[in-house]
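K.L.:
What follows is a structure written as structure tokens; I'll ask about it next.
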Amino acid sequence: MNAVPATDPSDISTSTPTSTVPLSLPRQSAARPGLRTASWTLGVMALLVGAGAGLGSVAFRWLITTFTHLLSGHADYADAGHAANGHVPWLGPYFVLLAPVVGGLLYGPLVDRFAKEARGHGVPEVMLAVAKRGGRINPQVSVVKALASALCIGSGGSVGREGPIVQIGSALGSTAGRLARVSEHRMRLLVACGAAGGIAATFNAPLAGVFFAMELILRDFAVEAFAAVVLSSVTAGVIGRAAFGNTPFLVLPPFHVDHVAQFPLFALLGGLAGAAGVGFTRILYLVEDACDWAWRGPEWLRPAVGGLLLGVLLLALPEMYGVGYPVLEKAVHGGYLPAFLLLLLIGKVFATSLTIGIGGSGGVFAPSLFIGAMLGAAYGNAAHQLLPGTAGTTGAYALVGMGAVFAGASRAPITATVILFELTGEYTIILPLMLAVVLATVTSRLLSRDTIYTLKLRRRGIDITAPAPQFGGKHVSAVMENPPDPLPAATELTDAVERLHMPGNGVLPVVSASGRFLGTIDACQVTQALADGADDDLEPPPTAGQIAVLTAHVTADMPLSAAVAVLASTPGTPVPVLDPGDHHLVG
């Protein structure tokens with residue numbers, strides 16, 4: 001199967017997607033009505049994915065708590081001031097200089113070795129998988145992301161837990177779809193189900209989980225998708241409430257609007273919050289670019305070395321340690337002076353940006369809420385000073401600011417409105433919240449083309465809003481060519497040379513004794529191996545199996561739209577086609 005031009009050459013997967021439909025079935029079998037395509041099976045799978053995401057969120061939050069206690073000596077160091085770590089009291093508050101370094105030494109090699117896509121804030125990778133890769137996500141991402149993000153947050157990384165749990169739940173959904181051999185359309189739905197379940201269980205916000213998945217991941221509100229996502233979110237929410245109790249993840253006082261004259265103040269806050277969301281996005285990627293420019297060492301060591309800088313920031317402002325929900329709650333309750341609120345706002349922007357820039361793993365949703373709370377509380381203080389009889393309580397502005405900044409950064413106004421409503425249960429705050437969120441979204445759209453999620457992809461040359469190339473639903477099996485006769489792994493290289501010199505045999509596949517595909521060899525590899533063997537007479541000459549390289553490959557049931565990314569990464573080189581069931585070469 002020869003390479004074809006790709007519409008989006010930058011959309012290159014770091015790993016070959018695993019296919020799911022047995023080759024022995026007819027080509028139309030993926031779309032044939034049957035057990036895997038029955039409507040009720042999607043509901044069952046949505047329930048199972050929701051249960052998996054719920055259990056995954058319980059495990060993930062336990063990991064965060066465990067690592068935070070191990071590395072800081074506190075359940076949540078953000079509200080501990082400059083307290084010492086009980087495990088190393090002789091270091092005093094200076095242990096925060098070392099905690100990010102220790103964490104980086106643990107999760108840096110883990111991410112670099114097993115799942116590079118686990119680095120960063122996670123949601124863009126899920127959006128890309130749904131939009132361009134048929135919902136395929138590497139199964140190991142769920143485990144690596146959970147460990148890496150928990151270590152990052154527990155060691156002081158100033159990031160949130162929603163991005164990791166979205167990626168964890170989505171990877172579980174993708175794995176379930178692969179095992180059940182569902183169609184590409186349903187694979188995407190199951191990925192969204194996993195994302196919704198993760199959000200619902202982690203934040204005890206099932207409605208927010210549904211709208212997060214529909215608005216940001218699927219970008220579609222079809223009835224079938226909505227029903228499946230709701231089932232998953234409810235299932236995960238039940239598990240989350242059984243584990244964490246029926247309480248919101250933030251405890252906020254009740255708020256209400258006392259005077260109609262407050263609405264212009266909320267409108268102005270919405271505009272400021274939209275600009276703050278765009279500013280946070282720009283600074284995040286500027287700091288990441290600066291870190292990329294400055295770092296010249298191996299990627300696995302980058303989080304540990306960069307952790308020294310993060311430790312200095314945490315020593316100066318310990319409120320930046322971890323997610324920071326206790327600090328956010330205190331700000332909403334009016335526990336800080338306006339000047340310190342602005343310091344916390346600036347500190348969070350740079351602490352989160354630095355954590356992501358040095359290779360940390362965590363989300364940007366919680367930092368957006370934190371920044372919004374600080375902005376809203378400072379704004380509410382100023383409004384109360386100027387209009388003491390009209391402005392109302394400061395906490396209401398902090399609450400509205402939380403939703404508005406997130407809307408400005410993500411341009412997900414429905415999700416922003418719903419999650420803040422679920423946090424408080426106060427319907428009286430819904431009107432000013434909706435007003436501020438909409439104005440923040442409009443302001444963000446005027447100031448920036450991209451959101452905090454899509455900008456990461458566009459910087460890699462990927463536009464998920466662009467229409468995918470149309471191949472009429474064809475699969476790889478419809479266009480693949482017959483492969484050359486493979487070389488057994490035990491073939492001597494001198495025999496391989498004769499085969500490689502035959503016309504059309506520039507690259508030959510190598511298979512094991514059982515027929516399993518091991519990789520390919522070419523004339524350059526064989527020549528180099530023979531030259532190395534001539535220099536060392538004591539070593540026996542290698543065989544074809546010992547020098548075979550496992551190159552990029554596709555599977556026979558993969559849609560051509562998904563195979564384009566693999567083809568683009570190997571221009572001019574034949575791409576092996578494998579049987580999805582037993583990984584034998586078929587084309």
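As shown in the structure tokens, the chain order sets the letters A, B, ...; within each chain, residues go from 1, and ligands are also counted from 1 in the order they appear.
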Can you tell me which residues surround region 517-526 of chain A at a distance of at most 7 Å, considering only C-alpha atoms, apart from same-chain residues fewer than 2 positions away, and format the answer as an MDAnalysis selection string?

P.N.:
chainID A and resid 493 500 506:512 515 528:530 548:551 583:585

K.L.:
Excluding same-chain residues fewer than 6 positions from Leu310 (chain A), what lies within 10 Å of it counting only C-alpha atoms, as a ChimeraX atom specification?

P.N.:
/A:96-101,156-158,303-304,320-321,350-352,354-355,358

K.L.:
From the list A:Val251, A:Asp258, A:Gly197, A:Val349, which residue is nearest Glu329 (chain A) when using only C-alpha atoms?

P.N.:
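Ranking A:Val251, A:Asp258, A:Gly197, A:Val349 by distance to Glu329 (chain A), first place goes to A:Val251.
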
K.L.:
When distances are computed from only C-alpha atoms, which of A:Gly357, A:Pro574, A:Tyr285, A:Gly43 shows the smallest separation from Ala225 (chain A)?

P.N.:
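Closest to Ala225 (chain A), using only C-alpha atoms: A:Gly43.
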
K.L.:
Enumerate as an MDAnalysis selection string all residues of region 339-411 of chain A assigned to helix (DSSP H, G or I) by DSSP on the backbone, naming them with the chain letters and numbers the document uses.

P.N.:
chainID A and resid 339:357 365:386 394:410

K.L.:
Please produce a file of those selected residues containing C-alpha atoms, as a short mmCIF file (atom, residue, chain, number, x, y, z; two decimals), in the first residue's frame.

P.N.:
data_model
loop_
_atom_site.label_atom_id
_atom_site.label_comp_id
_atom_site.auth_asym_id
_atom_site.auth_seq_id
_atom_site.Cartn_x
_atom_site.Cartn_y
_atom_site.Cartn_z
CA ALA A 339 -4.12 43.56 46.62
CA PHE A 340 -3.38 39.99 47.70
CA LEU A 341 -6.18 38.70 45.47
CA LEU A 342 -4.46 40.26 42.46
CA LEU A 343 -1.14 38.76 43.56
CA LEU A 344 -2.77 35.34 43.77
CA LEU A 345 -4.27 35.84 40.29
CA ILE A 346 -0.90 36.68 38.73
CA GLY A 347 0.82 33.94 40.70
CA LYS A 348 -1.64 31.30 39.48
CA VAL A 349 -1.23 32.32 35.84
CA PHE A 350 2.54 31.93 36.01
CA ALA A 351 2.56 28.89 38.32
CA THR A 352 0.22 26.96 36.00
CA SER A 353 2.10 28.10 32.89
CA LEU A 354 5.42 27.06 34.42
CA THR A 355 4.07 23.68 35.51
CA ILE A 356 2.87 22.93 31.98
CA GLY A 357 5.99 24.45 30.40
CA PHE A 365 -9.95 24.08 34.11
CA ALA A 366 -9.32 24.45 37.85
CA PRO A 367 -6.70 27.20 37.31
CA SER A 368 -9.28 29.05 35.19
CA LEU A 369 -11.77 28.86 38.06
CA PHE A 370 -9.08 30.03 40.49
CA ILE A 371 -8.12 33.00 38.32
CA GLY A 372 -11.79 33.90 37.87
CA ALA A 373 -12.45 33.77 41.60
CA MET A 374 -9.52 36.08 42.35
CA LEU A 375 -10.54 38.49 39.58
CA GLY A 376 -14.19 38.45 40.62
CA ALA A 377 -13.43 38.92 44.33
CA ALA A 378 -11.09 41.84 43.66
CA TYR A 379 -13.65 43.36 41.28
CA GLY A 380 -16.43 42.88 43.84
CA ASN A 381 -14.35 44.60 46.53
CA ALA A 382 -13.77 47.58 44.25
CA ALA A 383 -17.47 47.72 43.29
CA HIS A 384 -18.48 47.58 46.94
CA GLN A 385 -16.15 50.46 47.76
CA LEU A 386 -17.52 52.60 44.93
CA THR A 394 -18.26 40.32 47.02
CA GLY A 395 -18.70 36.56 46.85
CA ALA A 396 -21.30 36.80 44.07
CA TYR A 397 -18.76 38.49 41.81
CA ALA A 398 -16.16 35.86 42.66
CA LEU A 399 -18.59 33.11 41.69
CA VAL A 400 -19.57 34.77 38.42
CA GLY A 401 -15.91 35.49 37.68
CA MET A 402 -15.10 31.79 37.96
CA GLY A 403 -17.52 30.83 35.23
CA ALA A 404 -16.72 33.84 33.04
CA VAL A 405 -12.94 33.30 32.97
CA PHE A 406 -13.38 29.64 32.10
CA ALA A 407 -15.81 30.62 29.34
CA GLY A 408 -13.32 33.18 28.05
CA ALA A 409 -10.52 30.62 27.96
CA SER A 410 -12.47 27.65 26.59
#

K.L.:
In Å to one decimal, how far is CA of Val278 (chain A) from CA of Ile452 (chain A)?

P.N.:
7.8 Å

K.L.:
Determine, counting only C-alpha atoms, which protein, DNA and RNA residues have an atom within 9 Å of an atom of region 60-62 of chain A; residues of the same chain fewer than 6 positions away are not included. Present the result as a PyMOL selection string.

P.N.:
chain A and resi 146-147+149-150+161+164-165+202

K.L.:
For the residues in the current selection, export all heavy atoms as a PDB file, in the first residue's frame.

P.N.:
ATOM      1  N   ALA A 146      -2.863   9.023  34.964  1.00  0.00           N
ATOM      2  CA  ALA A 146      -3.253   9.038  36.378  1.00  0.00           C
ATOM      3  C   ALA A 146      -2.034   9.170  37.278  1.00  0.00           C
ATOM      4  O   ALA A 146      -2.008  10.010  38.196  1.00  0.00           O
ATOM      5  CB  ALA A 146      -4.038   7.771  36.717  1.00  0.00           C
ATOM      6  N   LEU A 147      -1.016   8.363  37.041  1.00  0.00           N
ATOM      7  CA  LEU A 147       0.176   8.404  37.877  1.00  0.00           C
ATOM      8  C   LEU A 147       0.935   9.719  37.707  1.00  0.00           C
ATOM      9  O   LEU A 147       1.345  10.349  38.694  1.00  0.00           O
ATOM     10  CB  LEU A 147       1.090   7.225  37.543  1.00  0.00           C
ATOM     11  CG  LEU A 147       0.584   5.839  37.956  1.00  0.00           C
ATOM     12  CD1 LEU A 147       1.481   4.759  37.378  1.00  0.00           C
ATOM     13  CD2 LEU A 147       0.528   5.734  39.479  1.00  0.00           C
ATOM     14  N   SER A 149      -0.083  12.727  36.560  1.00  0.00           N
ATOM     15  CA  SER A 149      -0.789  13.915  37.046  1.00  0.00           C
ATOM     16  C   SER A 149      -0.879  13.925  38.569  1.00  0.00           C
ATOM     17  O   SER A 149      -0.754  14.977  39.193  1.00  0.00           O
ATOM     18  CB  SER A 149      -2.193  13.980  36.434  1.00  0.00           C
ATOM     19  OG  SER A 149      -2.124  14.127  35.036  1.00  0.00           O
ATOM     20  N   ALA A 150      -1.110  12.755  39.156  1.00  0.00           N
ATOM     21  CA  ALA A 150      -1.168  12.695  40.623  1.00  0.00           C
ATOM     22  C   ALA A 150       0.183  13.061  41.226  1.00  0.00           C
ATOM     23  O   ALA A 150       0.259  13.783  42.231  1.00  0.00           O
ATOM     24  CB  ALA A 150      -1.597  11.302  41.072  1.00  0.00           C
ATOM     25  N   ARG A 161      -7.238  18.834  38.122  1.00  0.00           N
ATOM     26  CA  ARG A 161      -7.407  17.392  37.943  1.00  0.00           C
ATOM     27  C   ARG A 161      -8.440  17.046  36.880  1.00  0.00           C
ATOM     28  O   ARG A 161      -8.645  15.879  36.578  1.00  0.00           O
ATOM     29  CB  ARG A 161      -7.798  16.750  39.276  1.00  0.00           C
ATOM     30  CG  ARG A 161      -9.099  17.248  39.864  1.00  0.00           C
ATOM     31  CD  ARG A 161      -9.270  16.796  41.305  1.00  0.00           C
ATOM     32  NE  ARG A 161     -10.563  17.192  41.843  1.00  0.00           N
ATOM     33  CZ  ARG A 161     -10.800  17.435  43.121  1.00  0.00           C
ATOM     34  NH1 ARG A 161      -9.821  17.326  43.990  1.00  0.00           N
ATOM     35  NH2 ARG A 161     -12.003  17.767  43.530  1.00  0.00           N
ATOM     36  N   PRO A 164      -6.671  15.639  33.397  1.00  0.00           N
ATOM     37  CA  PRO A 164      -6.282  14.233  33.522  1.00  0.00           C
ATOM     38  C   PRO A 164      -7.458  13.271  33.561  1.00  0.00           C
ATOM     39  O   PRO A 164      -7.435  12.237  32.895  1.00  0.00           O
ATOM     40  CB  PRO A 164      -5.501  14.205  34.839  1.00  0.00           C
ATOM     41  CG  PRO A 164      -4.969  15.583  34.994  1.00  0.00           C
ATOM     42  CD  PRO A 164      -6.012  16.482  34.410  1.00  0.00           C
ATOM     43  N   ILE A 165      -8.510  13.603  34.333  1.00  0.00           N
ATOM     44  CA  ILE A 165      -9.615  12.649  34.432  1.00  0.00           C
ATOM     45  C   ILE A 165     -10.376  12.554  33.132  1.00  0.00           C
ATOM     46  O   ILE A 165     -10.919  11.501  32.776  1.00  0.00           O
ATOM     47  CB  ILE A 165     -10.556  13.002  35.611  1.00  0.00           C
ATOM     48  CG1 ILE A 165     -11.444  11.802  35.955  1.00  0.00           C
ATOM     49  CG2 ILE A 165     -11.406  14.213  35.293  1.00  0.00           C
ATOM     50  CD1 ILE A 165     -10.692  10.546  36.302  1.00  0.00           C
ATOM     51  N   THR A 202     -15.604  13.144  39.434  1.00  0.00           N
ATOM     52  CA  THR A 202     -14.559  13.903  40.127  1.00  0.00           C
ATOM     53  C   THR A 202     -15.110  15.148  40.800  1.00  0.00           C
ATOM     54  O   THR A 202     -14.710  15.499  41.909  1.00  0.00           O
ATOM     55  CB  THR A 202     -13.456  14.300  39.125  1.00  0.00           C
ATOM     56  OG1 THR A 202     -12.902  13.118  38.566  1.00  0.00           O
ATOM     57  CG2 THR A 202     -12.355  15.075  39.811  1.00  0.00           C
TER      58      THR A 202
END
